[in-house]
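Printed here is work.cif (mmCIF, C-alpha atoms; chains and numbers go by the auth columns):
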data_structure
#
loop_
_atom_site.group_PDB
_atom_site.id
_atom_site.type_symbol
_atom_site.label_atom_id
_atom_site.label_comp_id
_atom_site.label_asym_id
_atom_site.label_seq_id
_atom_site.Cartn_x
_atom_site.Cartn_y
_atom_site.Cartn_z
_atom_site.B_iso_or_equiv
_atom_site.auth_seq_id
_atom_site.auth_asym_id
ATOM 1 C CA MET A 1 -25.102 121.946 -77.731 0.00 1 Q
ATOM 2 C CA LYS A 2 -27.851 120.359 -75.663 0.00 2 Q
ATOM 3 C CA LYS A 3 -29.889 123.589 -75.802 0.00 3 Q
ATOM 4 C CA PHE A 4 -29.436 123.734 -79.572 0.00 4 Q
ATOM 5 C CA ILE A 5 -30.730 120.186 -80.014 0.00 5 Q
ATOM 6 C CA VAL A 6 -33.739 120.873 -77.779 0.00 6 Q
ATOM 7 C CA ALA A 7 -34.502 124.094 -79.693 0.00 7 Q
ATOM 8 C CA LEU A 8 -34.160 122.325 -83.037 0.00 8 Q
ATOM 9 C CA SER A 9 -36.479 119.548 -81.844 0.00 9 Q
ATOM 10 C CA ILE A 10 -39.105 122.108 -80.856 0.00 10 Q
ATOM 11 C CA VAL A 11 -38.881 123.827 -84.243 0.00 11 Q
ATOM 12 C CA PHE A 12 -39.341 120.550 -86.118 0.00 12 Q
ATOM 13 C CA ALA A 13 -42.193 119.461 -83.849 0.00 13 Q
ATOM 14 C CA CYS A 14 -43.972 122.760 -84.446 0.00 14 Q
ATOM 15 C CA ALA A 15 -43.431 122.564 -88.191 0.00 15 Q
ATOM 16 C CA PHE A 16 -44.895 119.071 -88.392 0.00 16 Q
ATOM 17 C CA THR A 17 -47.807 119.989 -86.136 0.00 17 Q
ATOM 18 C CA LEU A 18 -48.673 123.056 -88.180 0.00 18 Q
ATOM 19 C CA CYS A 19 -48.714 121.171 -91.447 0.00 19 Q
ATOM 20 C CA ALA A 20 -51.185 118.503 -90.497 0.00 20 Q
ATOM 21 C CA ALA A 21 -54.731 119.431 -91.397 0.00 21 Q
ATOM 22 C CA PRO A 22 -56.442 120.757 -88.289 0.00 22 Q
ATOM 23 C CA GLU A 23 -59.220 118.769 -86.685 0.00 23 Q
ATOM 24 C CA ASN A 24 -62.557 119.078 -88.515 0.00 24 Q
ATOM 25 C CA TRP A 25 -60.863 120.022 -91.818 0.00 25 Q
ATOM 26 C CA LEU A 26 -60.897 117.802 -94.906 0.00 26 Q
ATOM 27 C CA THR A 27 -58.110 117.517 -97.462 0.00 27 Q
ATOM 28 C CA ASP A 28 -60.125 115.679 -100.116 0.00 28 Q
ATOM 29 C CA TYR A 29 -62.084 118.275 -102.087 0.00 29 Q
ATOM 30 C CA ASP A 30 -64.364 115.778 -103.828 0.00 30 Q
ATOM 31 C CA ALA A 31 -65.341 114.229 -100.489 0.00 31 Q
ATOM 32 C CA ALA A 32 -65.923 117.719 -99.096 0.00 32 Q
ATOM 33 C CA VAL A 33 -68.251 118.602 -101.995 0.00 33 Q
ATOM 34 C CA LYS A 34 -70.301 115.459 -101.374 0.00 34 Q
ATOM 35 C CA LEU A 35 -70.520 116.279 -97.663 0.00 35 Q
ATOM 36 C CA ALA A 36 -71.524 119.895 -98.400 0.00 36 Q
ATOM 37 C CA GLN A 37 -74.278 118.689 -100.723 0.00 37 Q
ATOM 38 C CA LYS A 38 -75.505 116.163 -98.185 0.00 38 Q
ATOM 39 C CA GLU A 39 -75.494 118.673 -95.301 0.00 39 Q
ATOM 40 C CA LYS A 40 -76.587 121.649 -97.457 0.00 40 Q
ATOM 41 C CA LYS A 41 -73.557 123.678 -96.428 0.00 41 Q
ATOM 42 C CA THR A 42 -71.090 125.974 -98.120 0.00 42 Q
ATOM 43 C CA LEU A 43 -67.459 124.976 -98.685 0.00 43 Q
ATOM 44 C CA LEU A 44 -64.646 127.060 -97.241 0.00 44 Q
ATOM 45 C CA VAL A 45 -61.397 126.148 -98.998 0.00 45 Q
ATOM 46 C CA LEU A 46 -58.281 127.532 -97.319 0.00 46 Q
ATOM 47 C CA PHE A 47 -55.024 127.748 -99.258 0.00 47 Q
ATOM 48 C CA THR A 48 -52.229 128.084 -96.728 0.00 48 Q
ATOM 49 C CA GLY A 49 -48.515 127.756 -96.114 0.00 49 Q
ATOM 50 C CA SER A 50 -48.823 126.523 -92.557 0.00 50 Q
ATOM 51 C CA ASP A 51 -45.149 126.339 -91.622 0.00 51 Q
ATOM 52 C CA TRP A 52 -43.690 129.403 -93.323 0.00 52 Q
ATOM 53 C CA CYS A 53 -46.357 132.037 -94.110 0.00 53 Q
ATOM 54 C CA PRO A 54 -46.707 134.629 -91.305 0.00 54 Q
ATOM 55 C CA GLY A 55 -50.267 135.539 -92.365 0.00 55 Q
ATOM 56 C CA CYS A 56 -51.295 131.885 -92.462 0.00 56 Q
ATOM 57 C CA ILE A 57 -49.894 131.272 -89.007 0.00 57 Q
ATOM 58 C CA ALA A 58 -51.671 134.416 -87.736 0.00 58 Q
ATOM 59 C CA LEU A 59 -55.003 133.354 -89.303 0.00 59 Q
ATOM 60 C CA ASN A 60 -54.714 129.977 -87.621 0.00 60 Q
ATOM 61 C CA LYS A 61 -53.839 131.515 -84.255 0.00 61 Q
ATOM 62 C CA ASN A 62 -56.322 134.403 -84.306 0.00 62 Q
ATOM 63 C CA ALA A 63 -59.321 132.907 -86.114 0.00 63 Q
ATOM 64 C CA LEU A 64 -59.291 129.251 -87.143 0.00 64 Q
ATOM 65 C CA SER A 65 -58.395 127.902 -83.716 0.00 65 Q
ATOM 66 C CA LYS A 66 -60.957 130.044 -81.881 0.00 66 Q
ATOM 67 C CA PRO A 67 -64.161 128.459 -80.525 0.00 67 Q
ATOM 68 C CA GLU A 68 -66.382 131.109 -82.142 0.00 68 Q
ATOM 69 C CA PHE A 69 -65.025 130.268 -85.579 0.00 69 Q
ATOM 70 C CA MET A 70 -65.391 126.528 -85.060 0.00 70 Q
ATOM 71 C CA GLU A 71 -68.984 126.967 -83.815 0.00 71 Q
ATOM 72 C CA PHE A 72 -69.834 129.070 -86.878 0.00 72 Q
ATOM 73 C CA ALA A 73 -68.123 126.604 -89.211 0.00 73 Q
ATOM 74 C CA LYS A 74 -69.854 123.608 -87.660 0.00 74 Q
ATOM 75 C CA LYS A 75 -73.256 125.158 -88.436 0.00 75 Q
ATOM 76 C CA HIS A 76 -72.575 126.582 -91.894 0.00 76 Q
ATOM 77 C CA LEU A 77 -69.421 125.249 -93.545 0.00 77 Q
ATOM 78 C CA VAL A 78 -67.510 122.251 -94.761 0.00 78 Q
ATOM 79 C CA LEU A 79 -63.833 123.088 -94.218 0.00 79 Q
ATOM 80 C CA VAL A 80 -61.179 122.141 -96.780 0.00 80 Q
ATOM 81 C CA TYR A 81 -57.462 122.569 -95.981 0.00 81 Q
ATOM 82 C CA MET A 82 -55.045 122.964 -98.888 0.00 82 Q
ATOM 83 C CA ASP A 83 -51.555 123.330 -97.419 0.00 83 Q
ATOM 84 C CA SER A 84 -48.269 124.089 -99.180 0.00 84 Q
ATOM 85 C CA PRO A 85 -45.647 123.645 -96.470 0.00 85 Q
ATOM 86 C CA ARG A 86 -41.973 124.254 -97.079 0.00 86 Q
ATOM 87 C CA ARG A 87 -40.338 122.462 -94.157 0.00 87 Q
ATOM 88 C CA ALA A 88 -42.679 119.583 -93.454 0.00 88 Q
ATOM 89 C CA PRO A 89 -42.884 116.601 -95.754 0.00 89 Q
ATOM 90 C CA GLN A 90 -45.790 116.423 -98.156 0.00 90 Q
ATOM 91 C CA SER A 91 -46.619 113.562 -100.455 0.00 91 Q
ATOM 92 C CA ALA A 92 -46.709 113.980 -104.215 0.00 92 Q
ATOM 93 C CA LYS A 93 -50.433 113.205 -104.055 0.00 93 Q
ATOM 94 C CA GLU A 94 -51.019 116.036 -101.574 0.00 94 Q
ATOM 95 C CA ARG A 95 -49.004 118.509 -103.670 0.00 95 Q
ATOM 96 C CA ALA A 96 -50.900 117.461 -106.782 0.00 96 Q
ATOM 97 C CA GLU A 97 -54.258 117.922 -105.031 0.00 97 Q
ATOM 98 C CA VAL A 98 -53.307 121.454 -103.920 0.00 98 Q
ATOM 99 C CA ALA A 99 -52.098 122.333 -107.435 0.00 99 Q
ATOM 100 C CA LYS A 100 -55.200 120.871 -109.103 0.00 100 Q
ATOM 101 C CA LEU A 101 -57.575 122.685 -106.780 0.00 101 Q
ATOM 102 C CA SER A 102 -55.594 125.899 -107.096 0.00 102 Q
ATOM 103 C CA ARG A 103 -56.037 125.774 -110.874 0.00 103 Q
ATOM 104 C CA LYS A 104 -59.739 125.040 -110.491 0.00 104 Q
ATOM 105 C CA LEU A 105 -60.580 127.649 -107.816 0.00 105 Q
ATOM 106 C CA ASP A 106 -57.958 130.295 -108.640 0.00 106 Q
ATOM 107 C CA PRO A 107 -57.308 131.554 -105.093 0.00 107 Q
ATOM 108 C CA GLY A 108 -54.981 134.250 -106.417 0.00 108 Q
ATOM 109 C CA PRO A 109 -51.283 134.877 -105.850 0.00 109 Q
ATOM 110 C CA TYR A 110 -51.392 135.553 -102.100 0.00 110 Q
ATOM 111 C CA ILE A 111 -51.973 133.367 -99.069 0.00 111 Q
ATOM 112 C CA PRO A 112 -53.727 132.806 -96.832 0.00 112 Q
ATOM 113 C CA ALA A 113 -56.478 132.687 -99.414 0.00 113 Q
ATOM 114 C CA THR A 114 -59.984 131.535 -98.629 0.00 114 Q
ATOM 115 C CA VAL A 115 -62.275 130.521 -101.456 0.00 115 Q
ATOM 116 C CA ILE A 116 -65.964 130.187 -100.619 0.00 116 Q
ATOM 117 C CA VAL A 117 -67.748 127.665 -102.867 0.00 117 Q
ATOM 118 C CA SER A 118 -71.413 126.683 -103.013 0.00 118 Q
ATOM 119 C CA SER A 119 -72.274 123.011 -102.697 0.00 119 Q
ATOM 120 C CA ASP A 120 -73.011 122.980 -106.443 0.00 120 Q
ATOM 121 C CA GLY A 121 -69.460 124.150 -107.228 0.00 121 Q
ATOM 122 C CA ARG A 122 -69.985 127.869 -107.890 0.00 122 Q
ATOM 123 C CA ILE A 123 -67.290 130.165 -106.544 0.00 123 Q
ATOM 124 C CA LEU A 124 -69.087 132.663 -104.343 0.00 124 Q
ATOM 125 C CA GLY A 125 -66.092 134.761 -103.354 0.00 125 Q
ATOM 126 C CA ARG A 126 -62.551 134.991 -102.068 0.00 126 Q
ATOM 127 C CA ILE A 127 -60.994 136.355 -98.900 0.00 127 Q
ATOM 128 C CA VAL A 128 -57.286 137.092 -98.784 0.00 128 Q
ATOM 129 C CA GLY A 129 -55.328 137.708 -95.611 0.00 129 Q
ATOM 130 C CA ALA A 130 -55.463 137.053 -91.899 0.00 130 Q
ATOM 131 C CA TYR A 131 -58.149 138.435 -89.618 0.00 131 Q
ATOM 132 C CA PRO A 132 -59.350 137.994 -86.040 0.00 132 Q
ATOM 133 C CA ALA A 133 -62.135 135.420 -85.703 0.00 133 Q
ATOM 134 C CA ASP A 134 -65.024 137.886 -85.508 0.00 134 Q
ATOM 135 C CA GLU A 135 -63.881 139.819 -88.587 0.00 135 Q
ATOM 136 C CA TYR A 136 -63.160 136.624 -90.550 0.00 136 Q
ATOM 137 C CA ILE A 137 -66.643 135.286 -89.752 0.00 137 Q
ATOM 138 C CA LYS A 138 -68.211 138.577 -90.911 0.00 138 Q
ATOM 139 C CA LYS A 139 -66.264 138.406 -94.185 0.00 139 Q
ATOM 140 C CA ILE A 140 -67.438 134.812 -94.740 0.00 140 Q
ATOM 141 C CA GLN A 141 -71.044 135.738 -93.929 0.00 141 Q
ATOM 142 C CA ALA A 142 -70.908 138.623 -96.404 0.00 142 Q
ATOM 143 C CA VAL A 143 -69.871 136.189 -99.139 0.00 143 Q
ATOM 144 C CA ILE A 144 -72.410 133.448 -98.423 0.00 144 Q
ATOM 145 C CA LYS A 145 -75.471 135.724 -98.076 0.00 145 Q
#

Spell out the structure here as structure tokens.
Amino acid sequence: MKKFIVALSIVFACAFTLCAAPENWLTDYDAAVKLAQKEKKTLLVLFTGSDWCPGCIALNKNALSKPEFMEFAKKHLVLVYMDSPRRAPQSAKERAEVAKLSRKLDPGPYIPATVIVSSDGRILGRIVGAYPADEYIKKIQAVIK
């Protein structure tokens, strides 16, 4: 029983950790647009299911958490995190923001979905799926050139 409780605690801790927006990511799209305009950067909007989607978890592990991605993003991107968790709590406001932005940017039916948006609001392209950091960066570069 003790092992079960410890295991369950670890699962819940991981679920809650995964659902929080990672460091350096914004969850307010309007604030992100203003920052992108100010810094003359492109927006990268990630639609994810952080605690249940295998591809989303893989993208986080193999690309988003890697130093090479963060260095690239710091120079070129404003990062926006739109999460749709299943196990972790999410406020009605957060769910509404994800739904509103999903309607506006149309990421498609599959996640993880990355929508690349210019600072003036034009959709430049979409990337669907999980990739290693170097491949993900190349895909982003191909869209923003």

What do you get, as a compact mmCIF listing (two decimals) with C-alpha atoms, keeping the file's coordinate frame, if you spell out every residue that the PyMOL selection byres ((chain Q and resi 119) around 12) selects here?
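Saved result, result14.txt, follows:
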# COMPACT_ATOMS: atom_id res chain seq x y z
CA TYR Q 29 -62.08 118.28 -102.09
CA ASP Q 30 -64.36 115.78 -103.83
CA ALA Q 31 -65.34 114.23 -100.49
CA ALA Q 32 -65.92 117.72 -99.10
CA VAL Q 33 -68.25 118.60 -102.00
CA LYS Q 34 -70.30 115.46 -101.37
CA LEU Q 35 -70.52 116.28 -97.66
CA ALA Q 36 -71.52 119.90 -98.40
CA GLN Q 37 -74.28 118.69 -100.72
CA LYS Q 38 -75.50 116.16 -98.18
CA GLU Q 39 -75.49 118.67 -95.30
CA LYS Q 40 -76.59 121.65 -97.46
CA LYS Q 41 -73.56 123.68 -96.43
CA THR Q 42 -71.09 125.97 -98.12
CA LEU Q 43 -67.46 124.98 -98.68
CA LEU Q 44 -64.65 127.06 -97.24
CA VAL Q 45 -61.40 126.15 -99.00
CA HIS Q 76 -72.58 126.58 -91.89
CA LEU Q 77 -69.42 125.25 -93.54
CA VAL Q 78 -67.51 122.25 -94.76
CA LEU Q 79 -63.83 123.09 -94.22
CA ILE Q 116 -65.96 130.19 -100.62
CA VAL Q 117 -67.75 127.66 -102.87
CA SER Q 118 -71.41 126.68 -103.01
CA ASP Q 120 -73.01 122.98 -106.44
CA GLY Q 121 -69.46 124.15 -107.23
CA ARG Q 122 -69.98 127.87 -107.89
CA ILE Q 123 -67.29 130.16 -106.54
CA LEU Q 124 -69.09 132.66 -104.34
CA ILE Q 144 -72.41 133.45 -98.42

Report the centre and edge lengths, in Å to one decimal, of an axis-aligned box enclosing every atom of segment 120-129 of chain Q listed in the file, padded by 6 Å on each side, as AutoDock Vina command-line options.
--center_x -64.2 --center_y 130.3 --center_z -101.8 --size_x 29.7 --size_y 26.7 --size_z 24.3

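Rounded to one decimal, atom CA of Gly55 of chain Q and atom CA of Trp25 of chain Q lie 18.8 Å from each other.
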
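The residue that comes closest to Met70 of chain Q, out of Q:Cys56, Q:Ala133, Q:Ile127, Q:Ala99 and on the basis of only C-alpha atoms, is Q:Ala133.
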
Run the PyMOL selection byres ((chain Q and resi 90-98) around 10) against the file shown and list the residues it catches, as an MDAnalysis selection string.
chainID Q and resid 19:20 27:29 47:48 81:89 99:104

Could you tell me which residues the PyMOL selection byres ((chain Q and resi 112) around 8) returns for this structure, as a ChimeraX atom specification?
/Q:46-49,53,55-56,59,110-111,113-114,128-130

Length of the atom CA of Lys75 of chain Q to atom CA of Lys145 of chain Q vector [Å]:
14.5 Å

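Atom CA of Phe69 of chain Q to atom CA of Ile137 of chain Q spans 6.7 Å [interatomic distance, one decimal].
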
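Residue nearest Tyr136 of chain Q, chosen from Q:Ala73, Q:Ala63, Q:Asp106, Q:Val115 and counting only C-alpha atoms: Q:Ala63.
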
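Nearest to Ile57 of chain Q of all the residues Q:Glu71, Q:Gly125, Q:Pro132, Q:Ile140 is Q:Pro132, based on all atoms listed in the file.
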
Quick one: segment 35-80 of chain Q from the block, N, CA and C atoms, as a short mmCIF file (atom, residue, chain, number, x, y, z; two decimals), in the first residue's frame.
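Result file part-v2.cif:
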data_model
loop_
_atom_site.label_atom_id
_atom_site.label_comp_id
_atom_site.auth_asym_id
_atom_site.auth_seq_id
_atom_site.Cartn_x
_atom_site.Cartn_y
_atom_site.Cartn_z
N LEU Q 35 4.68 41.85 -27.10
CA LEU Q 35 6.11 41.62 -26.89
C LEU Q 35 6.81 41.33 -28.22
N ALA Q 36 6.19 40.53 -29.07
CA ALA Q 36 6.77 40.22 -30.39
C ALA Q 36 6.93 41.48 -31.23
N GLN Q 37 5.95 42.36 -31.17
CA GLN Q 37 6.04 43.62 -31.92
C GLN Q 37 7.16 44.49 -31.37
N LYS Q 38 7.24 44.56 -30.06
CA LYS Q 38 8.26 45.38 -29.41
C LYS Q 38 9.66 44.86 -29.72
N GLU Q 39 9.83 43.52 -29.67
CA GLU Q 39 11.16 42.92 -29.86
C GLU Q 39 11.42 42.52 -31.31
N LYS Q 40 10.44 42.77 -32.20
CA LYS Q 40 10.56 42.41 -33.62
C LYS Q 40 10.90 40.93 -33.78
N LYS Q 41 10.07 40.10 -33.14
CA LYS Q 41 10.24 38.66 -33.18
C LYS Q 41 8.99 37.99 -33.73
N THR Q 42 9.12 36.74 -34.05
CA THR Q 42 8.03 35.92 -34.53
C THR Q 42 7.43 35.17 -33.35
N LEU Q 43 6.12 34.92 -33.40
CA LEU Q 43 5.46 34.15 -32.35
C LEU Q 43 5.47 32.66 -32.70
N LEU Q 44 5.76 31.84 -31.74
CA LEU Q 44 5.61 30.39 -31.86
C LEU Q 44 4.53 30.01 -30.86
N VAL Q 45 3.39 29.56 -31.37
CA VAL Q 45 2.27 29.18 -30.50
C VAL Q 45 2.17 27.66 -30.52
N LEU Q 46 2.35 27.05 -29.36
CA LEU Q 46 2.31 25.60 -29.24
C LEU Q 46 1.00 25.17 -28.61
N PHE Q 47 0.25 24.33 -29.34
CA PHE Q 47 -0.95 23.71 -28.80
C PHE Q 47 -0.55 22.31 -28.36
N THR Q 48 -0.77 22.02 -27.08
CA THR Q 48 -0.25 20.78 -26.51
C THR Q 48 -1.24 20.16 -25.52
N GLY Q 49 -1.05 18.90 -25.27
CA GLY Q 49 -1.76 18.18 -24.21
C GLY Q 49 -0.68 17.61 -23.30
N SER Q 50 -0.15 18.45 -22.45
CA SER Q 50 1.09 18.16 -21.73
C SER Q 50 1.07 16.93 -20.85
N ASP Q 51 -0.09 16.53 -20.36
CA ASP Q 51 -0.09 15.40 -19.41
C ASP Q 51 -0.70 14.14 -19.98
N TRP Q 52 -1.01 14.09 -21.26
CA TRP Q 52 -1.63 12.89 -21.80
C TRP Q 52 -1.19 12.56 -23.23
N CYS Q 53 -0.69 13.50 -23.97
CA CYS Q 53 -0.34 13.32 -25.39
C CYS Q 53 1.11 12.83 -25.51
N PRO Q 54 1.32 11.61 -25.99
CA PRO Q 54 2.69 11.09 -26.11
C PRO Q 54 3.60 11.97 -26.99
N GLY Q 55 3.07 12.47 -28.11
CA GLY Q 55 3.87 13.33 -28.97
C GLY Q 55 4.24 14.64 -28.30
N CYS Q 56 3.32 15.18 -27.52
CA CYS Q 56 3.57 16.44 -26.81
C CYS Q 56 4.66 16.26 -25.75
N ILE Q 57 4.57 15.15 -25.05
CA ILE Q 57 5.57 14.84 -24.03
C ILE Q 57 6.92 14.64 -24.69
N ALA Q 58 6.95 13.95 -25.85
CA ALA Q 58 8.20 13.72 -26.57
C ALA Q 58 8.78 15.03 -27.09
N LEU Q 59 7.94 15.93 -27.63
CA LEU Q 59 8.43 17.22 -28.12
C LEU Q 59 9.06 18.00 -26.98
N ASN Q 60 8.42 18.00 -25.84
CA ASN Q 60 8.97 18.70 -24.68
C ASN Q 60 10.33 18.11 -24.29
N LYS Q 61 10.39 16.80 -24.21
CA LYS Q 61 11.61 16.12 -23.78
C LYS Q 61 12.74 16.26 -24.79
N ASN Q 62 12.43 16.12 -26.08
CA ASN Q 62 13.46 16.04 -27.10
C ASN Q 62 13.79 17.35 -27.81
N ALA Q 63 12.97 18.37 -27.61
CA ALA Q 63 13.23 19.65 -28.29
C ALA Q 63 13.08 20.85 -27.36
N LEU Q 64 11.90 21.03 -26.81
CA LEU Q 64 11.61 22.27 -26.08
C LEU Q 64 12.48 22.48 -24.85
N SER Q 65 12.89 21.40 -24.22
CA SER Q 65 13.70 21.52 -23.00
C SER Q 65 15.20 21.55 -23.29
N LYS Q 66 15.58 21.47 -24.54
CA LYS Q 66 17.00 21.43 -24.91
C LYS Q 66 17.58 22.84 -25.00
N PRO Q 67 18.83 23.01 -24.56
CA PRO Q 67 19.47 24.33 -24.60
C PRO Q 67 19.52 24.94 -26.00
N GLU Q 68 19.75 24.12 -27.02
CA GLU Q 68 19.84 24.67 -28.38
C GLU Q 68 18.51 25.27 -28.84
N PHE Q 69 17.40 24.65 -28.43
CA PHE Q 69 16.11 25.24 -28.78
C PHE Q 69 15.90 26.54 -28.03
N MET Q 70 16.19 26.55 -26.74
CA MET Q 70 15.96 27.75 -25.94
C MET Q 70 16.85 28.90 -26.42
N GLU Q 71 18.09 28.61 -26.83
CA GLU Q 71 18.96 29.66 -27.36
C GLU Q 71 18.39 30.23 -28.66
N PHE Q 72 17.92 29.36 -29.54
CA PHE Q 72 17.31 29.79 -30.79
C PHE Q 72 16.06 30.64 -30.50
N ALA Q 73 15.22 30.14 -29.62
CA ALA Q 73 13.97 30.84 -29.29
C ALA Q 73 14.26 32.21 -28.68
N LYS Q 74 15.23 32.28 -27.82
CA LYS Q 74 15.54 33.55 -27.15
C LYS Q 74 15.91 34.63 -28.18
N LYS Q 75 16.57 34.23 -29.26
CA LYS Q 75 17.00 35.19 -30.28
C LYS Q 75 15.89 35.55 -31.26
N HIS Q 76 14.98 34.61 -31.55
CA HIS Q 76 14.08 34.78 -32.67
C HIS Q 76 12.58 34.74 -32.37
N LEU Q 77 12.20 34.21 -31.21
CA LEU Q 77 10.79 33.88 -31.00
C LEU Q 77 10.23 34.43 -29.70
N VAL Q 78 8.93 34.63 -29.70
CA VAL Q 78 8.17 34.80 -28.47
C VAL Q 78 7.33 33.53 -28.37
N LEU Q 79 7.48 32.82 -27.27
CA LEU Q 79 6.86 31.50 -27.09
C LEU Q 79 5.52 31.60 -26.37
N VAL Q 80 4.51 30.96 -26.96
CA VAL Q 80 3.16 30.97 -26.38
C VAL Q 80 2.73 29.52 -26.17
#
